[in-house]
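S.K.: One structure, pasted below without further comment.
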Amino acid sequence: MSEERILAKECSEGKDKAREELYRRYSARLLSLCLRYSDSRAEAEDCMHDAFVRILESIRKYKYNGEGSLYSWMARVTINHCFDSARKRRRIRASMARLEDLPEQMEPQEDGGEEKRAESVPPERLRQMVEELPEAYRTVFKLYAVDGMSHKEIGKLLKIKERTSSSNYYRARQILERKVREYYESIR
């Protein structure tokens, strides 16, 4: 039996040493995940601790699917908790894009050079550009581009339509492309 599977089993049996080990192994990674979706470190720490309580309460539901599946499951629980918290504060829903404002067809960029230009932007400046996005766009952008979730998964998580997720991602990319273009022009 794998180490992850044993650890999860012992946690579900209420063994304190296993729970401490689970926290020791994964808390830093989960905190890093929470920091992406929180406005402050304190909020991220609260979110991570609350998510960890949820993890321990529901670890019996975890199904082993190979090495790394325990963290993946914990990350989903944590992300869900982050968004449940944000939803309660009504931040995300208030800034979601309206579908009626979207064009029927989204056109691709003309020159396709924005991705190449983005590579020339220092990583810290690029992260800052992402953080400057409106919250709804930033959230969807991170979930899609960083965490690799599909628009369907994002829609379920945020309780929005799949098309809204797609449009928010599209708009986030448009804003980032403009910012990258401006940055590129400023260093010429």
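Every chain in the structure tokens takes a letter, A first, then B, and so on in the order presented; its residues are numbered from 1, and the ligands are numbered from 1 following the presented order.
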Please identify all polymer residues within 10 Å of A:Arg54, counting only C-alpha atoms, omitting same-chain residues fewer than 4 positions from it, and present them as a PDB file with N, CA, C and O atoms, in the first residue's frame.
M.R.:
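Generated file (around-v8.pdb):
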ATOM      1  N   MET A  48      -6.644  28.516   4.577  1.00  0.00           N
ATOM      2  CA  MET A  48      -5.926  27.248   4.575  1.00  0.00           C
ATOM      3  C   MET A  48      -6.271  26.424   5.809  1.00  0.00           C
ATOM      4  O   MET A  48      -6.534  25.228   5.725  1.00  0.00           O
ATOM      5  N   HIS A  49      -6.305  27.060   6.970  1.00  0.00           N
ATOM      6  CA  HIS A  49      -6.622  26.329   8.206  1.00  0.00           C
ATOM      7  C   HIS A  49      -8.055  25.807   8.176  1.00  0.00           C
ATOM      8  O   HIS A  49      -8.309  24.658   8.548  1.00  0.00           O
ATOM      9  N   ASP A  50      -8.979  26.632   7.708  1.00  0.00           N
ATOM     10  CA  ASP A  50     -10.372  26.186   7.605  1.00  0.00           C
ATOM     11  C   ASP A  50     -10.508  25.050   6.593  1.00  0.00           C
ATOM     12  O   ASP A  50     -11.241  24.083   6.816  1.00  0.00           O
ATOM     13  N   SER A  58     -13.559  15.329   5.945  1.00  0.00           N
ATOM     14  CA  SER A  58     -14.082  14.586   4.791  1.00  0.00           C
ATOM     15  C   SER A  58     -13.076  13.621   4.172  1.00  0.00           C
ATOM     16  O   SER A  58     -13.310  13.107   3.088  1.00  0.00           O
ATOM     17  N   ILE A  59     -11.984  13.351   4.864  1.00  0.00           N
ATOM     18  CA  ILE A  59     -10.940  12.511   4.277  1.00  0.00           C
ATOM     19  C   ILE A  59     -11.428  11.092   3.980  1.00  0.00           C
ATOM     20  O   ILE A  59     -10.879  10.408   3.126  1.00  0.00           O
ATOM     21  N   MET A  74      -6.812  17.246  -1.967  1.00  0.00           N
ATOM     22  CA  MET A  74      -6.736  18.299  -0.947  1.00  0.00           C
ATOM     23  C   MET A  74      -6.770  19.682  -1.591  1.00  0.00           C
ATOM     24  O   MET A  74      -7.388  20.605  -1.062  1.00  0.00           O
ATOM     25  N   VAL A  77     -10.350  20.540  -2.503  1.00  0.00           N
ATOM     26  CA  VAL A  77     -11.105  20.917  -1.298  1.00  0.00           C
ATOM     27  C   VAL A  77     -10.728  22.333  -0.889  1.00  0.00           C
ATOM     28  O   VAL A  77     -11.590  23.157  -0.554  1.00  0.00           O
ATOM     29  N   THR A  78      -9.438  22.644  -0.941  1.00  0.00           N
ATOM     30  CA  THR A  78      -8.941  23.966  -0.534  1.00  0.00           C
ATOM     31  C   THR A  78      -9.447  25.054  -1.465  1.00  0.00           C
ATOM     32  O   THR A  78      -9.928  26.101  -1.011  1.00  0.00           O
ATOM     33  N   HIS A  81     -13.014  25.705  -0.846  1.00  0.00           N
ATOM     34  CA  HIS A  81     -13.216  26.482   0.375  1.00  0.00           C
ATOM     35  C   HIS A  81     -12.871  27.960   0.153  1.00  0.00           C
ATOM     36  O   HIS A  81     -13.598  28.845   0.622  1.00  0.00           O
TER      37      HIS A  81
END
S.K.: Just the helix (DSSP H, G or I) stuff from stretch 6-180 of chain A, please, per backbone DSSP, written as a PyMOL selection string.
M.R.: chain A and resi 6-12+16-36+41-61+69-88+91-94+99-101+114-119+123-131+135-146+151-158+162-180
S.K.: When you look at A:Ala44 with a cut-off of 7 Å (counting only C-alpha atoms), what residues show up, excluding the ones that are within fewer than 4 positions of it in the same chain? I need them as a PyMOL selection string.
M.R.: chain A and resi 31+34-35+38+40+48
S.K.: Could you save those same residues with all heavy atoms as a compact mmCIF listing (two decimals), in the first residue's frame?
M.R.:
# COMPACT_ATOMS: atom_id res chain seq x y z
N LEU A 31 -1.13 26.51 1.57
CA LEU A 31 -1.08 27.95 1.85
C LEU A 31 -0.72 28.71 0.57
O LEU A 31 -1.33 29.74 0.26
CB LEU A 31 -0.08 28.27 2.96
CG LEU A 31 0.10 29.76 3.27
CD1 LEU A 31 -1.23 30.39 3.71
CD2 LEU A 31 1.16 29.95 4.33
N CYS A 34 -3.77 28.98 -1.44
CA CYS A 34 -4.70 29.97 -0.87
C CYS A 34 -4.24 31.41 -1.14
O CYS A 34 -5.07 32.29 -1.34
CB CYS A 34 -4.85 29.76 0.63
SG CYS A 34 -5.72 28.25 1.08
N LEU A 35 -2.94 31.62 -1.14
CA LEU A 35 -2.41 32.97 -1.39
C LEU A 35 -2.81 33.48 -2.77
O LEU A 35 -3.00 34.68 -2.96
CB LEU A 35 -0.89 33.00 -1.24
CG LEU A 35 -0.38 32.98 0.19
CD1 LEU A 35 1.12 32.68 0.23
CD2 LEU A 35 -0.67 34.30 0.89
N SER A 38 -6.54 34.88 -2.33
CA SER A 38 -6.88 35.69 -1.17
C SER A 38 -6.32 37.09 -1.34
O SER A 38 -5.36 37.29 -2.08
CB SER A 38 -6.31 35.06 0.10
OG SER A 38 -6.81 33.76 0.28
N SER A 40 -5.03 38.84 1.19
CA SER A 40 -3.93 39.07 2.13
C SER A 40 -3.41 37.74 2.65
O SER A 40 -4.07 36.71 2.54
CB SER A 40 -4.41 39.91 3.32
OG SER A 40 -5.31 39.15 4.11
N MET A 48 -6.64 28.52 4.58
CA MET A 48 -5.93 27.25 4.57
C MET A 48 -6.27 26.42 5.81
O MET A 48 -6.53 25.23 5.72
CB MET A 48 -4.42 27.49 4.50
CG MET A 48 -3.59 26.22 4.24
SD MET A 48 -3.12 25.27 5.70
CE MET A 48 -2.07 26.42 6.55
S.K.: Leaving out A:Lys179 and any residue of its chain fewer than 4 positions from it, which residues lie within 8 Å of it when counting only C-alpha atoms, given as a PyMOL selection string?
M.R.: chain A and resi 129+175+183
S.K.: Excluding A:Tyr62 and its own-chain neighbours fewer than 5 positions away, which residues fall within 9 Å of it when counting only C-alpha atoms? Please give them as a PyMOL selection string.
M.R.: chain A and resi 8+69-70+73-74
S.K.: From the set A:Arg171, A:Lys159, A:Arg76, A:Lys15, which residue has the shortest atom-to-atom contact distance to A:Ala51, counting only C-alpha atoms?
M.R.: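 Between A:Arg171, A:Lys159, A:Arg76, A:Lys15, the residue approaching A:Ala51 most closely is A:Arg76.
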S.K.: From the list A:Arg181, A:Lys161, A:Lys156, A:Lys142, which residue is nearest A:Val121 when using only C-alpha atoms?
M.R.: A:Arg181
S.K.: Can you pull out every residue within 10 Å of A:Cys11, counting only C-alpha atoms, but drop anything in the same chain fewer than 6 positions away, and send it as an MDAnalysis selection string?
M.R.: chainID A and resid 5 17:22 55:57 59:60
S.K.: Can I get the selected residues back with C-alpha atoms, as a PDB file, in the first residue's frame?
M.R.:
ATOM      1  CA  ARG A   5      -2.972   5.785   0.986  1.00  0.00           C
ATOM      2  CA  LYS A  17       0.270  11.524  14.428  1.00  0.00           C
ATOM      3  CA  ALA A  18      -1.043  10.930  10.905  1.00  0.00           C
ATOM      4  CA  ARG A  19      -2.975  14.203  10.981  1.00  0.00           C
ATOM      5  CA  GLU A  20       0.143  16.061  12.127  1.00  0.00           C
ATOM      6  CA  GLU A  21       2.129  14.416   9.334  1.00  0.00           C
ATOM      7  CA  LEU A  22      -0.515  15.362   6.766  1.00  0.00           C
ATOM      8  CA  ILE A  55     -10.073  17.994   4.636  1.00  0.00           C
ATOM      9  CA  LEU A  56      -9.825  16.149   7.926  1.00  0.00           C
ATOM     10  CA  GLU A  57     -13.614  16.011   8.280  1.00  0.00           C
ATOM     11  CA  ILE A  59     -10.940  12.511   4.277  1.00  0.00           C
ATOM     12  CA  ARG A  60     -13.062   9.358   4.302  1.00  0.00           C
TER      13      ARG A  60
END
